[in-house]
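Source file: input06.txt (compact mmCIF, C-alpha atoms)
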# COMPACT_ATOMS: atom_id res chain seq x y z
CA GLY A 1 112.11 104.21 112.83
CA GLU A 2 108.37 103.81 112.84
CA ASP A 3 108.52 101.33 115.74
CA VAL A 4 110.22 103.74 118.11
CA GLU A 5 108.93 107.25 118.73
CA GLN A 6 110.42 110.25 120.46
CA SER A 7 109.55 113.91 120.78
CA LEU A 8 111.74 116.07 118.56
CA PHE A 9 112.91 118.82 120.89
CA LEU A 10 113.47 119.59 124.56
CA SER A 11 114.82 122.79 126.08
CA VAL A 12 115.98 123.05 129.69
CA ARG A 13 118.03 125.45 131.80
CA GLU A 14 121.48 124.55 133.02
CA GLY A 15 121.29 122.80 136.39
CA ASP A 16 117.76 121.51 135.87
CA SER A 17 116.89 117.88 135.22
CA SER A 18 116.07 116.74 131.69
CA VAL A 19 113.67 113.91 130.92
CA ILE A 20 113.65 112.49 127.42
CA ASN A 21 110.86 110.06 126.60
CA CYS A 22 110.54 107.22 124.13
CA THR A 23 107.78 104.77 123.24
CA TYR A 24 108.17 101.54 121.35
CA THR A 25 105.73 99.07 119.89
CA ASP A 26 107.52 95.72 119.81
CA SER A 27 106.70 93.81 122.96
CA SER A 28 109.53 91.39 122.24
CA SER A 29 112.14 94.08 122.78
CA THR A 30 114.96 92.59 124.79
CA TYR A 31 117.32 95.53 125.15
CA LEU A 32 116.67 99.25 125.01
CA TYR A 33 119.38 101.82 124.50
CA TRP A 34 120.12 105.51 124.73
CA TYR A 35 122.67 107.00 122.34
CA LYS A 36 124.00 110.57 122.21
CA GLN A 37 125.02 112.36 119.03
CA GLU A 38 127.01 115.57 119.15
CA PRO A 39 127.23 117.84 116.07
CA GLY A 40 129.29 116.34 113.27
CA ALA A 41 129.91 113.09 115.11
CA GLY A 42 128.62 109.56 115.22
CA LEU A 43 126.44 108.13 117.95
CA GLN A 44 127.88 107.20 121.30
CA LEU A 45 126.28 104.71 123.63
CA LEU A 46 125.18 106.32 126.90
CA THR A 47 123.49 103.42 128.61
CA TYR A 48 121.22 100.46 128.02
CA ILE A 49 118.70 98.45 129.98
CA PHE A 50 117.62 94.86 129.73
CA SER A 51 113.90 94.34 129.42
CA ASN A 52 113.54 92.56 132.75
CA MET A 53 114.75 95.65 134.60
CA ASP A 54 112.67 98.64 135.69
CA MET A 55 115.43 101.11 136.37
CA LYS A 56 119.11 101.64 135.84
CA GLN A 57 121.21 104.44 137.27
CA ASP A 58 124.62 105.51 136.08
CA GLN A 59 125.99 108.68 137.67
CA ARG A 60 123.79 111.54 136.39
CA LEU A 61 121.75 109.24 134.14
CA THR A 62 118.64 107.35 135.20
CA VAL A 63 116.78 105.08 132.82
CA LEU A 64 113.21 104.05 133.61
CA LEU A 65 111.41 101.28 131.75
CA ASN A 66 107.67 100.68 131.88
CA LYS A 67 107.12 97.46 129.94
CA LYS A 68 103.37 97.54 130.32
CA ASP A 69 103.14 100.91 128.58
CA LYS A 70 106.20 100.27 126.36
CA HIS A 71 107.70 103.51 127.61
CA LEU A 72 111.36 104.31 128.18
CA SER A 73 112.76 107.50 129.66
CA LEU A 74 116.19 109.00 130.22
CA ARG A 75 116.65 111.45 133.05
CA ILE A 76 119.78 113.60 133.13
CA ALA A 77 120.33 115.23 136.52
CA ASP A 78 122.04 118.62 136.83
CA THR A 79 122.00 119.15 133.06
CA GLN A 80 125.05 120.95 131.68
CA THR A 81 125.61 122.84 128.43
CA GLY A 82 127.82 119.94 127.33
CA ASP A 83 124.75 117.73 127.41
CA SER A 84 123.31 119.62 124.43
CA ALA A 85 123.03 116.99 121.69
CA ILE A 86 120.58 114.69 119.96
CA TYR A 87 119.53 111.69 122.01
CA PHE A 88 118.37 108.52 120.30
CA CYS A 89 116.33 105.74 121.79
CA ALA A 90 116.82 102.30 120.19
CA GLU A 91 115.49 98.81 120.72
CA LEU A 92 116.66 95.32 119.93
CA ALA A 93 113.76 92.94 119.43
CA THR A 94 113.87 89.18 119.78
CA GLY A 95 115.12 87.52 116.61
CA ARG A 96 116.50 90.70 115.10
CA ARG A 97 120.17 91.25 114.48
CA ALA A 98 120.14 95.05 114.35
CA LEU A 99 118.74 97.93 116.35
CA THR A 100 115.70 100.01 115.48
CA PHE A 101 116.23 103.69 116.24
CA GLY A 102 113.85 106.49 117.05
CA SER A 103 114.09 109.80 115.21
CA GLY A 104 116.03 111.48 118.01
CA THR A 105 115.31 114.24 120.55
CA ARG A 106 117.34 117.41 120.31
CA LEU A 107 118.20 118.63 123.81
CA GLN A 108 119.05 122.30 124.12
CA VAL A 109 120.54 123.45 127.41
CA GLN A 110 120.30 127.16 128.08
CA PRO A 111 122.81 128.83 130.40
CA ASN B 1 142.28 103.40 119.51
CA ALA B 2 140.87 104.46 116.15
CA GLY B 3 137.58 102.54 116.62
CA VAL B 4 135.44 102.79 113.49
CA THR B 5 136.92 104.82 110.64
CA GLN B 6 134.87 106.00 107.67
CA THR B 7 136.12 107.55 104.46
CA PRO B 8 135.48 109.95 102.91
CA LYS B 9 133.99 112.44 105.37
CA PHE B 10 132.23 114.42 102.65
CA GLN B 11 131.29 113.65 99.05
CA VAL B 12 129.30 115.36 96.32
CA LEU B 13 128.10 113.25 93.40
CA LYS B 14 126.09 113.92 90.30
CA THR B 15 123.05 111.79 89.56
CA GLY B 16 124.13 108.53 87.96
CA GLN B 17 127.67 108.52 89.31
CA SER B 18 128.92 105.65 91.42
CA MET B 19 131.04 105.56 94.54
CA THR B 20 132.08 103.33 97.41
CA LEU B 21 132.00 104.34 101.05
CA GLN B 22 134.71 102.68 103.08
CA CYS B 23 134.52 101.53 106.68
CA ALA B 24 137.12 99.81 108.83
CA GLN B 25 137.17 98.83 112.49
CA ASP B 26 140.11 97.82 114.64
CA MET B 27 138.21 96.35 117.61
CA ASN B 28 138.06 92.75 116.34
CA HIS B 29 134.29 93.04 116.05
CA ASN B 30 132.35 90.38 114.21
CA SER B 31 129.26 92.36 113.17
CA MET B 32 129.20 95.48 111.02
CA TYR B 33 126.37 97.73 109.85
CA TRP B 34 125.52 100.56 107.48
CA TYR B 35 122.87 103.09 108.49
CA ARG B 36 121.65 106.25 106.85
CA GLN B 37 120.45 109.26 108.82
CA ASP B 38 117.89 111.65 107.41
CA PRO B 39 116.32 114.63 109.20
CA GLY B 40 113.37 113.61 111.36
CA MET B 41 113.74 109.93 110.48
CA GLY B 42 116.42 108.72 112.80
CA LEU B 43 118.77 106.01 111.58
CA ARG B 44 117.60 103.40 109.13
CA LEU B 45 119.50 100.19 108.51
CA ILE B 46 120.70 99.66 104.93
CA TYR B 47 122.71 96.42 105.21
CA TYR B 48 124.49 94.50 107.89
CA SER B 49 127.04 91.74 108.15
CA ALA B 50 126.63 89.48 111.17
CA SER B 51 130.03 87.90 110.57
CA GLU B 52 132.77 87.76 108.00
CA GLY B 53 131.44 86.26 104.79
CA THR B 54 127.76 87.08 105.38
CA THR B 55 125.64 90.09 104.48
CA ASP B 56 121.93 90.76 104.87
CA LYS B 57 119.50 93.43 103.79
CA GLY B 58 118.16 95.91 106.27
CA GLU B 59 115.20 98.25 106.10
CA VAL B 60 116.26 100.33 103.06
CA PRO B 61 118.65 98.30 100.84
CA ASN B 62 117.45 99.42 97.40
CA GLY B 63 120.13 101.23 95.39
CA TYR B 64 123.00 99.91 97.51
CA ASN B 65 125.38 96.98 97.58
CA VAL B 66 127.84 95.94 100.25
CA SER B 67 131.01 93.91 100.55
CA ARG B 68 132.46 92.45 103.70
CA LEU B 69 136.01 92.42 102.46
CA ASN B 70 137.46 90.85 105.60
CA LYS B 71 136.76 91.00 109.31
CA ARG B 72 137.87 94.63 109.55
CA GLU B 73 136.30 96.19 106.47
CA PHE B 74 132.72 96.65 105.27
CA SER B 75 132.10 98.83 102.23
CA LEU B 76 128.90 100.35 100.84
CA ARG B 77 128.54 100.97 97.12
CA LEU B 78 126.15 103.23 95.27
CA GLU B 79 126.09 102.03 91.66
CA SER B 80 124.02 104.88 90.23
CA ALA B 81 123.51 107.69 92.72
CA ALA B 82 120.13 109.41 93.00
CA PRO B 83 119.16 112.63 94.84
CA SER B 84 117.11 110.50 97.26
CA GLN B 85 120.40 109.04 98.47
CA THR B 86 121.54 112.40 99.80
CA SER B 87 122.07 111.59 103.46
CA VAL B 88 124.58 111.03 106.22
CA TYR B 89 125.87 107.47 106.21
CA PHE B 90 127.11 105.80 109.37
CA CYS B 91 129.04 102.61 109.69
CA ALA B 92 128.88 100.76 113.00
CA SER B 93 130.29 97.59 114.48
CA SER B 94 129.69 95.36 117.47
CA TYR B 95 131.44 92.35 118.91
CA SER B 96 128.61 89.88 118.63
CA GLY B 97 125.50 91.70 117.41
CA THR B 98 123.64 90.67 120.55
CA GLY B 99 122.05 92.98 123.06
CA GLU B 100 124.94 93.16 125.45
CA SER B 101 127.36 94.05 122.69
CA PRO B 102 126.63 97.69 121.92
CA LEU B 103 127.22 99.40 118.61
CA HIS B 104 130.27 101.59 118.03
CA PHE B 105 129.77 104.22 115.34
CA GLY B 106 132.06 106.01 112.94
CA ASN B 107 131.77 109.77 112.46
CA GLY B 108 129.78 109.49 109.25
CA THR B 109 130.03 110.33 105.57
CA ARG B 110 127.98 113.28 104.39
CA LEU B 111 126.86 112.58 100.84
CA THR B 112 125.11 115.03 98.53
CA VAL B 113 123.73 113.90 95.18
CA THR B 114 122.84 116.70 92.77
Just give me the structure as structure tokens.
Amino acid sequence: GEDVEQSLFLSVREGDSSVINCTYTDSSSTYLYWYKQEPGAGLQLLTYIFSNMDMKQDQRLTVLLNKKDKHLSLRIADTQTGDSAIYFCAELATGRRALTFGSGTRLQVQP
Amino acid sequence: NAGVTQTPKFQVLKTGQSMTLQCAQDMNHNSMYWYRQDPGMGLRLIYYSASEGTTDKGEVPNGYNVSRLNKREFSLRLESAAPSQTSVYFCASSYSGTGESPLHFGNGTRLTVT
């Protein structure tokens, strides 16, 4: 999706923290999402944040939203090999009925 | 719970052939979607159905048609397949299509057009 951008690849060592970044262009975005895709599978919702929030934490996951810079990040603490996957950022803009997805960030976790 | 079920899982077509991708959900969701996933391009919306009886075009509808057969089923048809339609196709559903009703995805159909 041209309205949502992500870096393509991130490599971390097991036990380190991972930070996956996303930028979006539509200032009317109401909800922003992080999805995870494992090989050969569909996307699974990890977490989402409403646009009036700055941060959301859910166990090992922390989402940060900077509305001024239109920047979203996903931090995974204590990254495990099972976290290796493609992570998609997505937005839902006001008036739209479907999400716009980024191109995905492939996270590789090295033992 | 089965969730969102897509058939077939894999398909190879020759240019000009037609086929229908099937999708069914058992979560009583109102909204259903078809996306295609291409390398480096993320997911792009082909068509969606906000509720039973309605369908709308997404970002890349050309070459496709859809049918919302009933509340559970939403099919995607390729009338005359082209190599540019080689992709992974995902069906998704949500309860209301609003922000607090996240998408649930099927496992995808991998289509190759030669």
Proximal residues of chain B relative to chain A (all atoms listed in the file; 6 Å) as an MDAnalysis selection string: chainID B and resid 40:43 99 105:107
Computed interatomic separation between atom CA of B:Ser18 and atom CA of B:Arg44 (Å):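 Those two atoms sit 21.1 Å apart.
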Point-to-point distance from atom CA of B:Ser84 to atom CA of B:Val113, Å rounded to tenths: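 According to the coordinates, atom CA of B:Ser84 and atom CA of B:Val113 are separated by 7.7 Å.
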Tell me which protein, DNA and RNA residues are within 10 Å of B:Met32, counting only C-alpha atoms, leaving out same-chain ones fewer than 2 positions away, and put them as a tab-separated table (two decimals) with C-alpha atoms, in the coordinates of the input.
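What ended up in result_5.tsv:
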chain	number	residue	atom	x	y	z
A	98	ALA	CA	120.14	95.05	114.35
B	4	VAL	CA	135.44	102.79	113.49
B	23	CYS	CA	134.52	101.53	106.68
B	24	ALA	CA	137.12	99.81	108.83
B	25	GLN	CA	137.17	98.83	112.49
B	29	HIS	CA	134.29	93.04	116.05
B	30	ASN	CA	132.35	90.38	114.21
B	34	TRP	CA	125.52	100.56	107.48
B	47	TYR	CA	122.71	96.42	105.21
B	48	TYR	CA	124.49	94.50	107.89
B	49	SER	CA	127.04	91.74	108.15
B	50	ALA	CA	126.63	89.48	111.17
B	51	SER	CA	130.03	87.90	110.57
B	52	GLU	CA	132.77	87.76	108.00
B	55	THR	CA	125.64	90.09	104.48
B	68	ARG	CA	132.46	92.45	103.70
B	71	LYS	CA	136.76	91.00	109.31
B	72	ARG	CA	137.87	94.63	109.55
B	73	GLU	CA	136.30	96.19	106.47
B	74	PHE	CA	132.72	96.65	105.27
B	75	SER	CA	132.10	98.83	102.23
B	91	CYS	CA	129.04	102.61	109.69
B	92	ALA	CA	128.88	100.76	113.00
B	93	SER	CA	130.29	97.59	114.48
B	94	SER	CA	129.69	95.36	117.47
B	95	TYR	CA	131.44	92.35	118.91
B	96	SER	CA	128.61	89.88	118.63
B	97	GLY	CA	125.50	91.70	117.41
B	103	LEU	CA	127.22	99.40	118.61
B	104	HIS	CA	130.27	101.59	118.03
B	105	PHE	CA	129.77	104.22	115.34
Residue neighbourhood A:Val12, 10 Å, all atoms listed in the file, exclusion window fewer than 5 positions, as a list in words: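 Neighbouring residues, sequence-local ones excluded: Ser17, Ser18, Val19, Thr79, Gln80, Thr81, Ser84, Leu107, Gln108, Val109, Gln110 and Pro111 of chain A.
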Counting all atoms listed in the file, the residue of B:Gln6, B:Gln85, B:Leu111, B:Glu79 that sits nearest B:Gln22: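 The shortest atom-to-atom distance to B:Gln22 comes from B:Gln6.
Atom CA of B:Gly58 lies 17.0 Å from atom CA of B:Leu21.
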Nearby residues, (111.1, 98.1, 132.6) file frame, 8 Å, only C-alpha atoms, as a PyMOL selection string: chain A and resi 50-55+64-67+72
Counting only C-alpha atoms, the residue of B:Ser80, B:Asn65, B:Gln11, B:Thr5 that sits nearest B:Thr112: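 Once distances to B:Thr112 are computed over only C-alpha atoms, the minimum belongs to B:Gln11.
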Best match for closeness to A:Arg106 among A:Lys68, A:Lys56, A:Glu38, A:Gly15, counting all atoms listed in the file: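 The shortest atom-to-atom distance to A:Arg106 comes from A:Glu38.
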Which residue of B:Gly53, B:Pro61, B:Leu13, B:Ser31 approaches B:Thr98 most closely, using all atoms listed in the file: B:Ser31
Could you model all heavy atoms for stretch 68-79 of chain A and present them as an mmCIF file, in the coordinates of the input?
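Full text of result_13.cif as output:
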data_model
loop_
_atom_site.group_PDB
_atom_site.id
_atom_site.type_symbol
_atom_site.label_atom_id
_atom_site.label_comp_id
_atom_site.auth_asym_id
_atom_site.auth_seq_id
_atom_site.Cartn_x
_atom_site.Cartn_y
_atom_site.Cartn_z
ATOM 1 N N LYS A 68 104.811 97.622 130.567
ATOM 2 C CA LYS A 68 103.370 97.540 130.320
ATOM 3 C C LYS A 68 102.947 98.600 129.300
ATOM 4 O O LYS A 68 102.190 98.316 128.369
ATOM 5 C CB LYS A 68 102.616 97.728 131.629
ATOM 6 C CG LYS A 68 101.101 97.781 131.516
ATOM 7 C CD LYS A 68 100.472 97.872 132.894
ATOM 8 C CE LYS A 68 98.979 98.115 132.793
ATOM 9 N NZ LYS A 68 98.677 99.454 132.294
ATOM 10 N N ASP A 69 103.487 99.818 129.482
ATOM 11 C CA ASP A 69 103.140 100.910 128.580
ATOM 12 C C ASP A 69 104.123 101.046 127.423
ATOM 13 O O ASP A 69 103.976 101.938 126.587
ATOM 14 C CB ASP A 69 103.090 102.234 129.351
ATOM 15 C CG ASP A 69 101.970 102.259 130.373
ATOM 16 O OD1 ASP A 69 101.001 101.490 130.197
ATOM 17 O OD2 ASP A 69 102.074 103.026 131.353
ATOM 18 N N LYS A 70 105.148 100.207 127.388
ATOM 19 C CA LYS A 70 106.200 100.270 126.360
ATOM 20 C C LYS A 70 106.792 101.679 126.313
ATOM 21 O O LYS A 70 106.866 102.322 125.253
ATOM 22 C CB LYS A 70 105.692 99.838 124.992
ATOM 23 C CG LYS A 70 105.183 98.397 124.940
ATOM 24 C CD LYS A 70 104.894 97.988 123.515
ATOM 25 C CE LYS A 70 104.290 96.602 123.453
ATOM 26 N NZ LYS A 70 102.907 96.552 123.960
ATOM 27 N N HIS A 71 107.212 102.149 127.472
ATOM 28 C CA HIS A 71 107.700 103.510 127.610
ATOM 29 C C HIS A 71 109.069 103.483 128.283
ATOM 30 O O HIS A 71 109.267 102.831 129.309
ATOM 31 C CB HIS A 71 106.720 104.340 128.444
ATOM 32 C CG HIS A 71 107.125 105.759 128.592
ATOM 33 N ND1 HIS A 71 107.840 106.215 129.681
ATOM 34 C CD2 HIS A 71 106.926 106.829 127.789
ATOM 35 C CE1 HIS A 71 108.052 107.513 129.537
ATOM 36 N NE2 HIS A 71 107.505 107.908 128.406
ATOM 37 N N LEU A 72 109.994 104.203 127.690
ATOM 38 C CA LEU A 72 111.360 104.310 128.180
ATOM 39 C C LEU A 72 111.678 105.790 128.397
ATOM 40 O O LEU A 72 111.273 106.624 127.576
ATOM 41 C CB LEU A 72 112.327 103.722 127.164
ATOM 42 C CG LEU A 72 113.810 103.692 127.499
ATOM 43 C CD1 LEU A 72 114.101 102.586 128.515
ATOM 44 C CD2 LEU A 72 114.630 103.443 126.231
ATOM 45 N N SER A 73 112.362 106.106 129.465
ATOM 46 C CA SER A 73 112.760 107.500 129.660
ATOM 47 C C SER A 73 114.212 107.567 130.107
ATOM 48 O O SER A 73 114.747 106.630 130.709
ATOM 49 C CB SER A 73 111.859 108.202 130.672
ATOM 50 O OG SER A 73 112.038 107.659 131.958
ATOM 51 N N LEU A 74 114.821 108.705 129.797
ATOM 52 C CA LEU A 74 116.190 109.000 130.220
ATOM 53 C C LEU A 74 116.161 110.303 130.991
ATOM 54 O O LEU A 74 115.731 111.332 130.458
ATOM 55 C CB LEU A 74 117.113 109.148 128.999
ATOM 56 C CG LEU A 74 118.546 109.610 129.302
ATOM 57 C CD1 LEU A 74 119.322 108.511 130.030
ATOM 58 C CD2 LEU A 74 119.273 109.998 128.017
ATOM 59 N N ARG A 75 116.578 110.248 132.238
ATOM 60 C CA ARG A 75 116.650 111.450 133.050
ATOM 61 C C ARG A 75 118.117 111.827 133.222
ATOM 62 O O ARG A 75 118.948 110.994 133.598
ATOM 63 C CB ARG A 75 115.998 111.238 134.412
ATOM 64 C CG ARG A 75 116.079 112.451 135.335
ATOM 65 C CD ARG A 75 115.336 112.176 136.647
ATOM 66 N NE ARG A 75 115.381 113.316 137.543
ATOM 67 C CZ ARG A 75 116.321 113.499 138.484
ATOM 68 N NH1 ARG A 75 117.284 112.620 138.639
ATOM 69 N NH2 ARG A 75 116.276 114.562 139.269
ATOM 70 N N ILE A 76 118.427 113.080 132.925
ATOM 71 C CA ILE A 76 119.780 113.600 133.130
ATOM 72 C C ILE A 76 119.682 114.608 134.267
ATOM 73 O O ILE A 76 119.009 115.637 134.148
ATOM 74 C CB ILE A 76 120.313 114.293 131.864
ATOM 75 C CG1 ILE A 76 120.262 113.338 130.664
ATOM 76 C CG2 ILE A 76 121.749 114.760 132.089
ATOM 77 C CD1 ILE A 76 120.603 114.007 129.347
ATOM 78 N N ALA A 77 120.334 114.312 135.368
ATOM 79 C CA ALA A 77 120.330 115.230 136.520
ATOM 80 C C ALA A 77 121.375 116.317 136.311
ATOM 81 O O ALA A 77 122.396 116.107 135.641
ATOM 82 C CB ALA A 77 120.637 114.447 137.788
ATOM 83 N N ASP A 78 121.086 117.513 136.868
ATOM 84 C CA ASP A 78 122.040 118.620 136.830
ATOM 85 C C ASP A 78 122.566 118.825 135.390
ATOM 86 O O ASP A 78 123.763 118.758 135.125
ATOM 87 C CB ASP A 78 123.203 118.353 137.793
ATOM 88 C CG ASP A 78 124.139 119.527 137.925
ATOM 89 O OD1 ASP A 78 123.719 120.680 137.688
ATOM 90 O OD2 ASP A 78 125.327 119.291 138.264
ATOM 91 N N THR A 79 121.653 119.057 134.480
ATOM 92 C CA THR A 79 122.000 119.150 133.060
ATOM 93 C C THR A 79 122.988 120.283 132.803
ATOM 94 O O THR A 79 122.817 121.402 133.302
ATOM 95 C CB THR A 79 120.735 119.364 132.216
ATOM 96 O OG1 THR A 79 119.729 118.421 132.613
ATOM 97 C CG2 THR A 79 121.039 119.163 130.743
#
